[in-house]
Each structure stands twice: as structure tokens, then as C-alpha cells.
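Below is one structure; the comments refer to it alone.
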Amino acid sequence: MCISAVSVGLLLFILWMLAVQLCGQTNRQRDGDAKASSQPEAAVPKLLHSLSKRFLGPISSPLPGPPSLPFLGNMLDLAQEHLPIHLTSLAQRYGNIYRLNFGNTTMVVLNSSEIIREALIKKWSDFAGRPYSYTGDIVSGGGRTISLGDFSEEWKAQRRVAHRALQRCTMDSLHSVIEKQAHHLCQVLRDYNEKAVDLSEDFTVAASNVITTLTLGKSYDKRADQLQKLHDCLNKTVSLWGSPWISALDSFPLLRILPNPPFSRLLKEVGRRDKLIGKHIEEFKTLTDTHVHMTTVDLLIGGTETTASLLNWTVAFLLHRPEVQNEVYKELCGVLDVRYPKYSDRDRLPYLCALINEMLRLRPVAPLAVPHRAIRNSSIAGHFIPKNTLIIPNLYGAHHDPEVWEDPYSFKPERFLEGGGGSVRALIPFGGGARLCLGEAVAKMEMFLFTAYLLRDFQFLPASKEEPLPDLRGVASVVLKVKPYTVIAHPREQ
Ligand code: HEM
């Protein structure tokens with residue numbers, strides 16, 4: 001008798017809670033915006049709301065997502081070889097916003113540019129945080145890089161200083177710094193005398209020299225020992241940090257007590273990196289403060305592999321569609337006659353700009369941006385997002401969204417020409433809002449000038465008839481890179 005009274009009571013309580021939940025959902029469907037999920041009080045009686053919040057968590061339809069295994073959660077999804085492609089395929093099954101679990105963390109993946117814009121731009125102040133991670137803390141000198149530092153007054157000041165310094169460089173000297181490197185790059189390619197070579201290192205040196213000129217006041221020869229050491233160390237740091245052996249330490253603290261050779265190597269590379277950069281900073285007698293040090297690290301890492309990879313991807317795609325490079329060449333000759341382009345020529349070179357936009361769309365080199373953290377309770381696309389949720393902007397997914405892009409997997413620069421149907425608004429390779437890529441202006445000028453110089457001076461040809469054309473799937477880590485390939489740079493007759 002007593003038991004059945006309790007059961008009936010429980011049943012009534014559950015039904016009541018369900019009613020509250022349904023009431024919340026109807027309310028949100030009507031309103032559909034952030035306020036509905038963070039302030040549902042307007043439509044739900046206060047008492048019901050606070051009770052439901054207490055017992056059921058915030059009122060919202062649960063986020064869809066793949067089944068989560070005991071203990072492992074969705075770790076197997078996160079360990080996929082090409083994560084951006086895997087996350088994009090999950091969006092086809094679970095929609096443009098879904099969740100993944102690992103350890104005790106919930107991760108929300110955003111896969112359309114509208115949803116990413118809502119979180120990163122419209123509600124930037126809710127999602128400008130960065131998640132803390134054990135390994136991230138080690139590589140960022142205790143969260144003191146701009147890219148991994150959490151949102152705080154200190155971080156805002158650091159970003160402001162770096163932003164102003166970059167803006168000043170952009171206005172004063174960036175154009176001539178890039179021009180110099182572009183000329184040098186063309187000379188290096190000429191010196192290969194049409195030998196089939198892998199150009200990735202030359203692209204890296206060109207992009208890196210732009211950044212070292214801005215940050216350290218000098219550029220390096222490709223063979224310079226210091227440059228080789230710096231690249232080797234930065235590359236190893238980024239790729240080791242992206243490896244599952246090391247990310248597992250963030251989610252499973254118990255693993256930290258076991259021997260882990262990749263992690264020991266990462267610690268060694270971080271130490272090497274800090275010695276190399278520390279030497280330069282001391283040399284310049286600038287502030288020897290960790291923030292300055294880490295900002296230099298940020299600009300070097302952020303500004304080298306990204307631009308270089310995009311150039312490497314561009315040549316790889318052009319080998320698949322040679323008529324595109326001929327179109328760009330025709331446009332350059334028609335508009336500029338024999339002179340080299342300036343950044344101010346870009347409005348007169350729509351085909352070249354369309355090519356760059358298409359590359360940024362197809363191969364956003366930071367395909368999953370950098371994880372964000374919800375600083376407070378908020379909502380995205382009508383779903384409640386609790387404070388501290390990890391947010392992954394899947395830029396790769398947004399750029400392949402079939403709702404926005406016709407034939408999204410095809411390489412078609414023409415889509416960005418007038419009337420071609422490509423949406424520049426839906427293009428978000430640099431993220432947005434408070435965490436917008438700090439080097440966007442630098443990268444855009446570099447991409448324009450480097451690509452223009454290369455396609456003005458060279459026709460890129462496959463290494464041989466026998467070898468397959470470059471693999472366009474790529475290797476995804478923090479940066480999305482093309483697999484190594486060789487190419488012939490055949491000089492154009494001017
Ligand atoms: C094609 C080239 C580039 C692309 C596609 C790119 C893309 C991105 C993306 C997607 C983010 C993360 C945004 C987010 O968290 O939502 C980012 C952050 C960042 N990028 Fe870039 N980037 C490029 C080049 C550069 C260059 C040249 C520099 C330096 C000069 C740079 C410096 C940074 C820094 C410092 C951050 C961290 C910003 C923050 O957390 O506030 N990037 N970039």
C-alpha cells in the first residue's frame with residue numbers, strides 16, 4: 001500500500017516533469033533564439049521552472065549525437081584518422097549541431113556557417129573562452145599564448161597589443177615584406193630548372209620569413225641552421241600535440257602516471273622551442289615577459305604552416321584542373337600587362353580571388369578552428385548549452401554544407417565569380433568574433449601576392465605521366481595538410 005502510493009507519487013512527478021519539459025520545448029520552438037533557452041521564465045511558471053531546472057537540468061531538447069560507450073564515451077569518433085571528414089559525415093546523420101562525450105566533458109560540434117556565426121559572432125561573449133587542458137597548458141606556457149589563453153582581462157590586453165602591432169606592420173611594411181619573399185620564392189623555383197620537386201618546404205620558408213621579419217626583424221635562408229631548427233621544433237610540437245597518445249592525457253588523468261614516449265618528446269620539443277625563441281627575445285632586449293614570448297610563438301606557429309599549406313593545396317588542386325591556372329594567367333596578363341600585382345589590384349582580378357576563396361573553402365587549413373569554451377550558460381540554435389561546454393566549430397563541415405554549396409566537394413573557383421552562386425558570407429576559414437584569426441589580414445595579403453606571383457611566373461605541371469596526381473584528401477591534424485607530392489614549375493615566357 002505504502003509502496004504503491006510512492007510509485008503513484010513518482011509517476012505523477014515524472015509526468016509533471018515531462019509536461020514542464022514539453023512546455024519548455026514549445027516555448028523555444030516559438031521563440032527560437034538565445035533568450036528562449038537562457039531565460040525561459042517568460043513562458044514557464046517560475047516554480048515549475050526552478051523545480052525542473054533542479055531535477056532535469058535546463059529546459060531544452062537534448063542534443064542529438066552518436067551513441068556514447070561506457071567509460072570511452074565517443075572517444076572512438078574522436079580518434080578517427082581524418083577528424084574533419086568524420087565530423088562532417090556525422091552531421092549528415094545527426095544534423096548541423098550535435099554532441100559528443102569524452103571523459104566527463106561534453107563537446108558540441110557546429111557544422112553550418114549560420115550556426116557557427118551564431119556562436120562565434122552573435123554570441124561571442126558567451127563562447128570566447130578556451131577549454132583548459134593539461135597538455136594545452138604545457139604547450140602554451142600556462143595558457144599564455146593568444147590562441148590557447150582563456151578569455152580574461154589579461155588575455156584581452158595581450159591580444160590587443162599583438163593586434164595593434166600587426167595592424168601597424170600591415171599598414172607600414174607588410175606589402176613590401178611579402179613582395180620581397182614572393183620574388184625570392186619565384187627565384188628559388190626558377191633555380192630548380194623544371195626538376196620535379198616537393199615545394200612544401202619552400203612555401204614554408206616563404207611564409208615563415210614574412211612572420212620572422214615582422215616578429216624578429218630578420219628572414220632566413222632555407223638552409224640556415226637556425227631556421228631548420230625552428231621549423232623542425234615547431235612542426236614537431238604541433239604534430240605531437242595533435243596525436244591521440246597525447247590528447248588522451250587530457251581526458252584520462254590516470255594515464256599521466258604511465259610512461260608515454262610521445263609525451264616525453266613533446267616536453268623536449270617545448271623546451272627546445274622556448275630556448276630558441278627566448279634567445280631571439282633576449283637579443284632584442286624587448287620585454288622578456290612570458291606573454292611576449294608566447295605571442296611570438298603564436299604568430300610563428302599560426303602564421304607559417306597555415307599559409308604554406310594553403311599554397312601547397314592550391315598547386316595540388318591546380319594540377320587536377322590545369323585550365324584554372326591558365327585562366328588566372330590570362331587574367332593577370334590582361335589586367336597587369338607585364339608588371340607584378342599589388343594587393344590593391346585585387347578588385348580587378350576576380351578569377352584569382354575566386355581561386356583563393358575556393359581554396360579557403362575546400363581546404364580551410366585550420367579545419368576545426370581551435371576549441372572554444374562556453375563562458376556561461378547560453379544556447380545555440382535553440383539548444384541549451386551549459387557553461388564550460390566545449391564548442392568545436394567544424395569549418396570544414398560548414399564549407400561542405402550541401403544546403404549552402406552546390407556540388408560542395410568539387411573544386412570550382414567559378415562559383416565565386418559574379419552569378420556563380422558561391423556565398424562569401426558562408427565562407428568562414430578564419431573563424432569569427434572575439435577569437436577571429438589574428439593574422440587574417442596578413443594571411444589574405446600573403447595568399448593574394450604569393451599565388452599571383454607564382455601563377456604569373458610559372459605553369460605547374462605534373463611530375464610525370466606515370467605518377468598519380470596529388471592525393472586531395474589530405475592529412476588532418478591541427479592543420480589540414482596535403483600529402484607530399486612533387487611538381488614541375490615550368491617558367492612562363494613573359
Ligand atoms: C590561410 C591562413 C590562415 C587561416 C585559414 C587561419 C585560420 C585560423 C582559425 C580558424 C583560427 C581559430 C579561430 C577560432 O578560434 O575560432 C585562427 C586563430 C589564430 N590565428 Fe590564424 N589562420 C591563418 C593564418 C594566420 C597567420 C598568418 C597568423 C599570424 C600572423 C595567424 C595567427 C593566429 C592566432 C594568433 C590565432 C589565435 C586567435 C585567438 O585565439 O584569439 N593565423 N586562425
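Going through the C-alpha cells in order, the chains are called A, B, and so on, while each chain numbers its residues from 1 and the ligands are numbered from 1 in the order shown.
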
Select from chain A every residue with an atom at most 8 Å from any atom of ligand 1, then for each give the shortest pair of atoms and their distance in Å to one decimal, using only C-alpha atoms and all ligand atoms, rows by chain and rising number, as a Markdown table.
```
| residue | atom | partner | partner_atom_place_in_ligand_line | distance |
| --- | --- | --- | --- | --- |
| A:Leu120 | CA | ligand 1 | 16 (O) | 6.9 |
| A:Thr145 | CA | ligand 1 | 35 (C) | 7.8 |
| A:Ile146 | CA | ligand 1 | 40 (O) | 5.1 |
| A:Ser147 | CA | ligand 1 | 40 (O) | 3.3 |
| A:Leu148 | CA | ligand 1 | 40 (O) | 6.1 |
| A:Gly149 | CA | ligand 1 | 40 (O) | 7.1 |
| A:Arg159 | CA | ligand 1 | 41 (O) | 6.7 |
| A:Leu166 | CA | ligand 1 | 30 (C) | 7.5 |
| A:Ala207 | CA | ligand 1 | 27 (C) | 7.9 |
| A:Ile211 | CA | ligand 1 | 30 (C) | 6.3 |
| A:Thr295 | CA | ligand 1 | 35 (C) | 7.2 |
| A:Asp298 | CA | ligand 1 | 35 (C) | 5.0 |
| A:Leu299 | CA | ligand 1 | 29 (C) | 4.3 |
| A:Leu300 | CA | ligand 1 | 29 (C) | 6.7 |
| A:Ile301 | CA | ligand 1 | 32 (C) | 7.5 |
| A:Gly302 | CA | ligand 1 | 31 (C) | 4.0 |
| A:Gly303 | CA | ligand 1 | 27 (C) | 3.4 |
| A:Thr304 | CA | ligand 1 | 27 (C) | 6.5 |
| A:Thr306 | CA | ligand 1 | 2 (C) | 4.6 |
| A:Thr307 | CA | ligand 1 | 2 (C) | 4.5 |
| A:Ser309 | CA | ligand 1 | 1 (C) | 7.9 |
| A:Leu310 | CA | ligand 1 | 1 (C) | 6.1 |
| A:Leu360 | CA | ligand 1 | 5 (C) | 6.6 |
| A:Pro364 | CA | ligand 1 | 5 (C) | 5.4 |
| A:Val365 | CA | ligand 1 | 5 (C) | 5.0 |
| A:Ala366 | CA | ligand 1 | 10 (C) | 4.9 |
| A:Pro367 | CA | ligand 1 | 10 (C) | 6.8 |
| A:Leu368 | CA | ligand 1 | 10 (C) | 7.0 |
| A:Ala369 | CA | ligand 1 | 10 (C) | 3.9 |
| A:Val370 | CA | ligand 1 | 15 (O) | 4.3 |
| A:Pro371 | CA | ligand 1 | 15 (O) | 6.3 |
| A:His372 | CA | ligand 1 | 15 (O) | 6.4 |
| A:Pro393 | CA | ligand 1 | 16 (O) | 7.0 |
| A:Leu395 | CA | ligand 1 | 10 (C) | 7.4 |
| A:Ile428 | CA | ligand 1 | 10 (C) | 7.7 |
| A:Pro429 | CA | ligand 1 | 5 (C) | 4.9 |
| A:Phe430 | CA | ligand 1 | 7 (C) | 4.0 |
| A:Gly431 | CA | ligand 1 | 16 (O) | 4.2 |
| A:Gly432 | CA | ligand 1 | 16 (O) | 5.8 |
| A:Gly433 | CA | ligand 1 | 16 (O) | 7.6 |
| A:Ala434 | CA | ligand 1 | 41 (O) | 6.4 |
| A:Arg435 | CA | ligand 1 | 41 (O) | 3.8 |
| A:Leu436 | CA | ligand 1 | 13 (C) | 4.9 |
| A:Cys437 | CA | ligand 1 | 18 (C) | 3.7 |
| A:Leu438 | CA | ligand 1 | 33 (C) | 4.5 |
| A:Gly439 | CA | ligand 1 | 28 (C) | 3.5 |
| A:Glu440 | CA | ligand 1 | 25 (C) | 5.8 |
| A:Ala441 | CA | ligand 1 | 27 (C) | 7.8 |
| A:Val442 | CA | ligand 1 | 27 (C) | 5.3 |
| A:Ala443 | CA | ligand 1 | 27 (C) | 4.4 |
| A:Lys444 | CA | ligand 1 | 1 (C) | 7.0 |
| A:Glu446 | CA | ligand 1 | 27 (C) | 7.9 |
| A:Met447 | CA | ligand 1 | 1 (C) | 7.1 |
```

Write the residues of the preceding selection, restricted to C-alpha atoms, as a PDB file, in the first residue's frame.
```pdb
ATOM      1  CA  LEU A 120      31.237  32.843 -32.539  1.00  0.00           C
ATOM      2  CA  THR A 145      49.504  32.154 -25.823  1.00  0.00           C
ATOM      3  CA  ILE A 146      46.771  34.175 -27.503  1.00  0.00           C
ATOM      4  CA  SER A 147      45.374  31.101 -29.202  1.00  0.00           C
ATOM      5  CA  LEU A 148      45.096  28.897 -26.097  1.00  0.00           C
ATOM      6  CA  GLY A 149      44.749  31.547 -23.378  1.00  0.00           C
ATOM      7  CA  ARG A 159      45.573  40.198 -27.927  1.00  0.00           C
ATOM      8  CA  LEU A 166      50.225  43.539 -36.629  1.00  0.00           C
ATOM      9  CA  ALA A 207      55.549  32.217 -45.177  1.00  0.00           C
ATOM     10  CA  ILE A 211      56.443  36.319 -39.935  1.00  0.00           C
ATOM     11  CA  THR A 295      52.797  35.817 -28.633  1.00  0.00           C
ATOM     12  CA  ASP A 298      51.659  32.088 -31.621  1.00  0.00           C
ATOM     13  CA  LEU A 299      52.485  34.234 -34.621  1.00  0.00           C
ATOM     14  CA  LEU A 300      55.178  31.838 -35.794  1.00  0.00           C
ATOM     15  CA  ILE A 301      53.007  28.749 -35.464  1.00  0.00           C
ATOM     16  CA  GLY A 302      49.801  30.452 -36.612  1.00  0.00           C
ATOM     17  CA  GLY A 303      51.466  32.262 -39.467  1.00  0.00           C
ATOM     18  CA  THR A 304      53.735  29.673 -41.031  1.00  0.00           C
ATOM     19  CA  THR A 306      48.707  27.797 -42.393  1.00  0.00           C
ATOM     20  CA  THR A 307      49.683  29.992 -45.346  1.00  0.00           C
ATOM     21  CA  SER A 309      49.743  24.643 -46.529  1.00  0.00           C
ATOM     22  CA  LEU A 310      47.207  26.683 -48.441  1.00  0.00           C
ATOM     23  CA  LEU A 360      39.907  28.570 -48.363  1.00  0.00           C
ATOM     24  CA  PRO A 364      40.278  25.520 -44.534  1.00  0.00           C
ATOM     25  CA  VAL A 365      43.745  24.910 -43.118  1.00  0.00           C
ATOM     26  CA  ALA A 366      42.515  25.107 -39.521  1.00  0.00           C
ATOM     27  CA  PRO A 367      39.564  22.786 -40.268  1.00  0.00           C
ATOM     28  CA  LEU A 368      38.193  22.607 -36.726  1.00  0.00           C
ATOM     29  CA  ALA A 369      39.407  26.101 -35.695  1.00  0.00           C
ATOM     30  CA  VAL A 370      40.579  25.966 -32.068  1.00  0.00           C
ATOM     31  CA  PRO A 371      38.106  24.604 -29.476  1.00  0.00           C
ATOM     32  CA  HIS A 372      36.007  27.266 -27.731  1.00  0.00           C
ATOM     33  CA  PRO A 393      33.396  24.975 -34.971  1.00  0.00           C
ATOM     34  CA  LEU A 395      34.729  24.938 -40.530  1.00  0.00           C
ATOM     35  CA  ILE A 428      34.470  31.361 -42.514  1.00  0.00           C
ATOM     36  CA  PRO A 429      38.019  29.961 -42.759  1.00  0.00           C
ATOM     37  CA  PHE A 430      39.312  32.415 -40.135  1.00  0.00           C
ATOM     38  CA  GLY A 431      36.544  31.828 -37.567  1.00  0.00           C
ATOM     39  CA  GLY A 432      34.945  34.979 -36.203  1.00  0.00           C
ATOM     40  CA  GLY A 433      34.118  37.172 -33.225  1.00  0.00           C
ATOM     41  CA  ALA A 434      36.481  37.677 -30.300  1.00  0.00           C
ATOM     42  CA  ARG A 435      38.640  34.758 -31.436  1.00  0.00           C
ATOM     43  CA  LEU A 436      38.823  35.699 -35.101  1.00  0.00           C
ATOM     44  CA  CYS A 437      42.210  34.671 -36.514  1.00  0.00           C
ATOM     45  CA  LEU A 438      44.641  37.369 -35.507  1.00  0.00           C
ATOM     46  CA  GLY A 439      46.550  37.006 -38.756  1.00  0.00           C
ATOM     47  CA  GLU A 440      43.562  37.231 -41.141  1.00  0.00           C
ATOM     48  CA  ALA A 441      44.758  40.443 -42.829  1.00  0.00           C
ATOM     49  CA  VAL A 442      48.342  39.158 -43.079  1.00  0.00           C
ATOM     50  CA  ALA A 443      47.186  35.798 -44.471  1.00  0.00           C
ATOM     51  CA  LYS A 444      44.884  37.376 -47.062  1.00  0.00           C
ATOM     52  CA  GLU A 446      50.115  36.727 -48.419  1.00  0.00           C
ATOM     53  CA  MET A 447      47.714  34.409 -50.222  1.00  0.00           C
TER      54      MET A 447
END
```

Write out as a PyMOL selection string the residues lying within 10 Å of range 123-135 of chain A, counting only C-alpha atoms and excluding same-chain residues fewer than 6 positions away. chain A and resi 34+116-117+142-143+147-152+241+246-251+253+256+263+266-267+370-380+385+387-391+432-436

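Closest approach to Asn260 in chain A among A:Asp347, A:Pro341, A:Ser243, A:Ala196 is made by A:Ser243 (distances from only C-alpha atoms).
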
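Here CA of Gln325 in chain A and CA of Ile356 in chain A stand 11.8 Å from one another.
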
What lies within 9 Å of Pro84 in chain A using only C-alpha atoms, ignoring chain neighbours under 2 positions off, as a PyMOL selection string? chain A and resi 82+86-89+367-368+394-397+476+480

One number please: CA of Leu318 in chain A to CA of Leu355 in chain A, in Å, one decimal. 9.6 Å

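Each of A:Leu461, A:Ile97, A:Ile138, A:Leu472 was checked against Thr237 in chain A using only C-alpha atoms; the smallest atom-to-atom distance is that of A:Ile138.
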
Which of range 397-484 of chain A DSSP labels strand (DSSP E or B), written as a VMD selection string: chain A and resid 458 to 462 475 to 476 480 to 481

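Pairwise distance (CA of Thr215 in chain A, CA of Glu269 in chain A) equals 20.9 Å.
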
Going by DSSP on the backbone, which bits of range 59-209 of chain A are alpha helix (DSSP H)? Write them as a PyMOL selection string, please. chain A and resi 75-78+83-94+113-117+124-127+134-139+153-172+174-191+200-209

Which neighbours of range 100-105 of chain A fall inside 9 Å, counting only C-alpha atoms, when residues of the same chain fewer than 6 positions from it are skipped, and could you give them as a PyMOL selection string? chain A and resi 64-68+71-75+77-78+250-252+388-390

Tell me which of A:Ser344, A:Ser219, A:Asn96, A:Ser140 sits closest to Gly271 in chain A, counting only C-alpha atoms. A:Ser140

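Every protein, DNA or RNA residue with an atom at most 10 Å from Arg473 in chain A, where only C-alpha atoms count and chain neighbours fewer than 2 positions away do not, is listed here: His82, Ile85, Arg363, Pro470, Asp471, Val475, Ala476, Leu480, Lys481, Val482 and Lys483 of chain A.
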
Next, dump the selected residues to file, keeping only N, CA and C atoms, as a PDB file, in the first residue's frame.
```
ATOM      1  N   HIS A  82      40.844  11.071 -40.139  1.00  0.00           N
ATOM      2  CA  HIS A  82      40.609  12.405 -40.727  1.00  0.00           C
ATOM      3  C   HIS A  82      39.400  12.985 -40.011  1.00  0.00           C
ATOM      4  N   ILE A  85      36.617  15.220 -41.753  1.00  0.00           N
ATOM      5  CA  ILE A  85      35.712  14.480 -42.655  1.00  0.00           C
ATOM      6  C   ILE A  85      34.749  13.633 -41.825  1.00  0.00           C
ATOM      7  N   ARG A 363      39.672  23.671 -48.451  1.00  0.00           N
ATOM      8  CA  ARG A 363      40.683  23.190 -47.509  1.00  0.00           C
ATOM      9  C   ARG A 363      40.987  24.259 -46.473  1.00  0.00           C
ATOM     10  N   PRO A 470      48.374  14.556 -57.247  1.00  0.00           N
ATOM     11  CA  PRO A 470      48.367  14.592 -55.769  1.00  0.00           C
ATOM     12  C   PRO A 470      47.044  14.121 -55.172  1.00  0.00           C
ATOM     13  N   ASP A 471      47.175  13.429 -54.046  1.00  0.00           N
ATOM     14  CA  ASP A 471      46.017  12.967 -53.285  1.00  0.00           C
ATOM     15  C   ASP A 471      45.371  14.200 -52.636  1.00  0.00           C
ATOM     16  N   VAL A 475      45.937  15.203 -44.892  1.00  0.00           N
ATOM     17  CA  VAL A 475      46.192  14.645 -43.566  1.00  0.00           C
ATOM     18  C   VAL A 475      45.737  15.708 -42.574  1.00  0.00           C
ATOM     19  N   ALA A 476      44.820  15.312 -41.686  1.00  0.00           N
ATOM     20  CA  ALA A 476      44.273  16.327 -40.772  1.00  0.00           C
ATOM     21  C   ALA A 476      44.877  16.192 -39.391  1.00  0.00           C
ATOM     22  N   LEU A 480      45.316  21.246 -41.628  1.00  0.00           N
ATOM     23  CA  LEU A 480      44.959  20.289 -42.674  1.00  0.00           C
ATOM     24  C   LEU A 480      45.978  20.405 -43.807  1.00  0.00           C
ATOM     25  N   LYS A 481      46.802  19.357 -43.985  1.00  0.00           N
ATOM     26  CA  LYS A 481      47.893  19.439 -44.965  1.00  0.00           C
ATOM     27  C   LYS A 481      47.687  18.451 -46.093  1.00  0.00           C
ATOM     28  N   VAL A 482      48.272  18.796 -47.241  1.00  0.00           N
ATOM     29  CA  VAL A 482      48.229  17.871 -48.374  1.00  0.00           C
ATOM     30  C   VAL A 482      49.371  16.871 -48.192  1.00  0.00           C
ATOM     31  N   LYS A 483      49.146  15.632 -48.656  1.00  0.00           N
ATOM     32  CA  LYS A 483      50.226  14.636 -48.570  1.00  0.00           C
ATOM     33  C   LYS A 483      51.354  15.064 -49.497  1.00  0.00           C
TER      34      LYS A 483
END
```

Extract, using only C-alpha atoms, all DNA, RNA and protein residues at most 7 Å from range 186-194 of chain A, discarding same-chain residues fewer than 3 positions from it, and format them as an NGL selection string. :A and (182-183 or 454 or 488-491)

N, CA and C atoms of the current selection, written as a compact mmCIF listing (two decimals), in the first residue's frame:
```txt
# COMPACT_ATOMS: atom_id res chain seq x y z
N ALA A 182 58.02 36.90 -52.09
CA ALA A 182 57.41 36.31 -53.30
C ALA A 182 58.44 36.30 -54.44
N HIS A 183 59.17 37.38 -54.59
CA HIS A 183 60.22 37.42 -55.62
C HIS A 183 61.25 36.33 -55.34
N LEU A 454 53.27 33.44 -58.20
CA LEU A 454 53.57 32.07 -58.67
C LEU A 454 52.89 31.79 -60.01
N ILE A 488 56.42 20.04 -61.28
CA ILE A 488 57.39 20.79 -62.09
C ILE A 488 56.89 22.23 -62.21
N ALA A 489 57.77 23.19 -61.88
CA ALA A 489 57.41 24.60 -62.07
C ALA A 489 58.04 25.05 -63.39
N HIS A 490 57.21 25.14 -64.41
CA HIS A 490 57.71 25.50 -65.75
C HIS A 490 57.59 27.01 -65.92
N PRO A 491 58.74 27.73 -66.11
CA PRO A 491 58.64 29.20 -66.19
C PRO A 491 57.81 29.64 -67.40
```

Excluding Gly422 in chain A and residues on its chain fewer than 3 positions from it, collect all residues at most 10 Å away from it, counting only C-alpha atoms, and give them as a list in words. Ala354, Asn357, Glu358, Val404, Trp405, Glu406, Lys412, Pro413, Glu414, Arg415, Phe416, Leu417, Glu418, Gly419, Arg425, Ala426 and Leu427 of chain A

Can you work out which one of A:Glu493, A:Glu179, A:Glu201, A:Glu154 has the shortest atom-to-atom distance to Lys342 in chain A, counting only C-alpha atoms? A:Glu179
